Amino acid sequence: MAQKPSIPKGTRDFSPAEVAKRNYISSKMKHHFEVFGFQPIETPSFENSETLMGKYGEEGDRLIFKILNSGDYLEKFNRILLQIIHKLVNDYQKIYIDLSNDKNRPSFIEHIQAIENDYDTYVARLNKELFNNEDELTIVSFKDILFLVKRHCYDTHDKVNVFINKTKEEIEQLVITIFSDFFISLKGKHMVAYISEKALRYDLTVPFARYVVQHQNEIEFPFKRYQIQPVWRADRPQKGRFREFYQCDADVVGSTSLWQEVELVQLYDAVFTDLGLGGTTIKINNRKILSGIAEVIGAKDKLIDFTVALDKLDKIGEDGVKKEMLEKGISATALEKVQPLFQFTGTVAEKIEKLNQLLATSVEGLKGVEELRFICETLEKLGLQTALIDLDVTLARGLNYYTGAIFEVVAPQVVMGSIGGGGRYDDLTGIFGLKNMSGVGISFGLDRIYLVLEELGLFPDTVSATTKALFINYGNHESLYAMEAIFKLRRAGIKVELYPDAAKIAKQFQYADKRGIPFAVIAGLSELERMEFGLKNLQTGEQVKLNFESLKKALS
């Protein structure tokens, strides 16, 4: 029986009409990215695991798709098992022979146990040689292997070890048996790095930081780049949340100026206004403010736990956030102090003044307030086309690399979650060896923006990948005449095509109707003799006779 075709959960196929609409969104973005001075780059779909891991927080790391190494990726484990067990066998045989004639010899098992501690150093060396492991936690533990050896290879009643007098081949066959249980004794997080050295990118920002460091001698700073490519997350699929989706990023690196934040808000405003999505809310906060709040409430050492929980407010509510904070060790007293954040109301200017008072004892918190004040007051003076600014002190964004302003965009009239987000990251390139290179960037969620525009009916009727006109095929002689016209129309950028077969006319019209093609061009023998074309509107049924220039004008 043939296998039923399917795709993984959280991924999608796109029809021609859907692709046309997605291209419409991305073309609007590209236009404004370039108007604002951003240049396009692309990076590989997958990166070295070490590039991605540890950059997104504990929860983010769990959502990274790992790529299994090709070839015999377990060969190193096999080698280390064989080396250790061969050494065990040789040592056991030597001890057994040396003690076999000694009537007062200690128990064989006891004697073995007395020397087994020496193997820790031996196994640590093998770990380093085979896996380049500098960590104190070795990937292969001798105690784990010894447990498996004892379980499979000899009993505990001081009888002759089953390894004694075994050939090398017989020993290796025993190793295969042991190997089947080997992974039971390995800690997954330590093993992953050695069976998977690459991973699908989780976002575009970390690969961009890697790109900047790797190509720093070719880049003119400050460097403004945009990038539209897919990313992958091992998330639970739901409405508006996919495992494969596109991000559309615009970032600037090499400048600490807050004018970059101002421009990025203007960029959001320009794109969403052009897409007809007026009333979009751009939420803004600052990680320095969150650090200041954590400091003021006495939870500075729990900053990451504090921000990760706070970032879930719209998903799990106030009670859920408080519950998670308590579970993470943030005290009830601290939660009482943070209570005002959950009812933080007023205009942007009023909220800034409240924060100024709340964070009066925090130097870092006050610095965040001043950064927010500059951005918001400047935007108020310059004005925005259709977007709205909201200062949201509960906005945390769970990514650990943000250090300054953070943004999140919410669409009007639709329950969808964020359709964009970003922020400033002062330290991101530092992890790749390039210090003092501040960056700030934003991302557009193309997939969610698509769903919003679709739900609100904001796609123009002209957005289509559909052919404008289908030339009816009457046979080779007439088709040559039709193709001469088609060639000229295509050069003028008009989407036209010839039905490939000289099938029944009714079938060709039916094809055009199912494809949603609005016009049919009649180019039969009589039209050929008169050097004209019949243009039929397939919606109204109206038909007119036209020369080529008139046909071209009608289809333009």
# chains A, B, ... in the order shown; residues from 1 in each chain; ligands from 1
$ residues_around --residues "segment 339-345 of chain A" --least-positions-apart "3" --cutoff "8 Å" --atoms "only C-alpha atoms" --output "PyMOL selection string"
chain A and resi 318+335-336+351+393-394
$ closest_residue --among "A:Val521, A:Glu244, A:Glu42, A:Glu327" --to "Gln543 of chain A" --atoms "only C-alpha atoms"
A:Val521
$ select_by_dssp --residues "segment 206-292 of chain A" --states "strand (DSSP E)" --output "PyMOL selection string"
chain A and resi 223-232+244-253+281-286
$ residues_around --residues "Asp13 of chain A" --least-positions-apart "6" --cutoff "12 Å" --atoms "only C-alpha atoms" --output "list in words"
Ser6, Ile7, Val19, Glu244 and Phe245 of chain A
$ select_by_dssp --residues "segment 267-327 of chain A" --states "helix (DSSP H, G or I)" --output "PyMOL selection string"
chain A and resi 267-274+287-296+300-310+313-327
$ closest_residue --among "A:Gly37, A:Pro44, A:Gly10, A:Gly279" --to "Pro207 of chain A" --atoms "only C-alpha atoms"
A:Pro44
$ closest_residue --among "A:Ser418, A:Gln229, A:Ser479, A:Asn286" --to "Ser45 of chain A" --atoms "only C-alpha atoms"
A:Gln229
$ closest_atom_pairs --of "segment 418-537 of chain A" --to "segment 287-303 of chain A" --cutoff "10 Å" --atoms "only C-alpha atoms" --output "JSON lines"
{"residue": "A:Gly423", "atom": "CA", "partner": "A:Arg287", "partner_atom": "CA", "distance": 9.1}
{"residue": "A:Arg424", "atom": "CA", "partner": "A:Arg287", "partner_atom": "CA", "distance": 9.0}
{"residue": "A:Tyr425", "atom": "CA", "partner": "A:Arg287", "partner_atom": "CA", "distance": 9.9}
$ write_last_selection --atoms "N, CA and C atoms" --output "mmCIF file, in the first residue's frame"
data_model
loop_
_atom_site.group_PDB
_atom_site.id
_atom_site.type_symbol
_atom_site.label_atom_id
_atom_site.label_comp_id
_atom_site.auth_asym_id
_atom_site.auth_seq_id
_atom_site.Cartn_x
_atom_site.Cartn_y
_atom_site.Cartn_z
ATOM 1 N N GLY A 423 14.687 44.613 20.045
ATOM 2 C CA GLY A 423 15.297 45.358 21.133
ATOM 3 C C GLY A 423 16.778 45.569 20.930
ATOM 4 N N ARG A 424 17.411 46.174 21.938
ATOM 5 C CA ARG A 424 18.852 46.453 21.882
ATOM 6 C C ARG A 424 19.616 45.354 22.595
ATOM 7 N N TYR A 425 20.752 44.990 21.997
ATOM 8 C CA TYR A 425 21.595 43.930 22.560
ATOM 9 C C TYR A 425 23.042 44.401 22.536
#
$ closest_residue --among "A:Gln508, A:Ser556, A:Gln247, A:Gln539" --to "Ile494 of chain A" --atoms "only C-alpha atoms"
A:Ser556
$ residues_around --residues "Ile505 of chain A" --least-positions-apart "2" --cutoff "9 Å" --atoms "only C-alpha atoms" --output "list in words"
Ile472, Asn473, Tyr474, Ala502, Ala503, Lys507, Gln508, Phe509 and Gln510 of chain A
$ write_last_selection --atoms "N, CA and C atoms" --output "mmCIF file, in the first residue's frame"
data_model
loop_
_atom_site.group_PDB
_atom_site.id
_atom_site.type_symbol
_atom_site.label_atom_id
_atom_site.label_comp_id
_atom_site.auth_asym_id
_atom_site.auth_seq_id
_atom_site.Cartn_x
_atom_site.Cartn_y
_atom_site.Cartn_z
ATOM 1 N N ILE A 472 -6.480 30.835 -26.135
ATOM 2 C CA ILE A 472 -7.106 29.559 -26.486
ATOM 3 C C ILE A 472 -6.320 28.924 -27.630
ATOM 4 N N ASN A 473 -6.075 27.603 -27.502
ATOM 5 C CA ASN A 473 -5.275 26.855 -28.469
ATOM 6 C C ASN A 473 -6.204 26.235 -29.519
ATOM 7 N N TYR A 474 -6.035 26.690 -30.791
ATOM 8 C CA TYR A 474 -6.851 26.161 -31.902
ATOM 9 C C TYR A 474 -6.040 25.234 -32.807
ATOM 10 N N ALA A 502 -4.477 21.487 -28.024
ATOM 11 C CA ALA A 502 -5.631 21.908 -28.835
ATOM 12 C C ALA A 502 -6.853 21.082 -28.416
ATOM 13 N N ALA A 503 -7.228 21.224 -27.154
ATOM 14 C CA ALA A 503 -8.349 20.470 -26.589
ATOM 15 C C ALA A 503 -9.671 21.145 -26.952
ATOM 16 N N LYS A 507 -13.367 22.852 -22.617
ATOM 17 C CA LYS A 507 -12.408 22.406 -21.599
ATOM 18 C C LYS A 507 -11.400 23.506 -21.282
ATOM 19 N N GLN A 508 -10.988 24.248 -22.331
ATOM 20 C CA GLN A 508 -10.011 25.317 -22.116
ATOM 21 C C GLN A 508 -10.618 26.469 -21.310
ATOM 22 N N PHE A 509 -11.877 26.804 -21.619
ATOM 23 C CA PHE A 509 -12.559 27.851 -20.837
ATOM 24 C C PHE A 509 -12.767 27.405 -19.390
ATOM 25 N N GLN A 510 -13.067 26.135 -19.209
ATOM 26 C CA GLN A 510 -13.252 25.599 -17.854
ATOM 27 C C GLN A 510 -11.953 25.679 -17.059
#
$ atom_distance --atom1 "atom CA of Arg448 of chain A" --atom2 "atom CA of Met416 of chain A"
7.2 Å
$ closest_residue --among "A:Pro500, A:His477, A:Gly493, A:Gly433" --to "Ser526 of chain A" --atoms "only C-alpha atoms"
A:His477
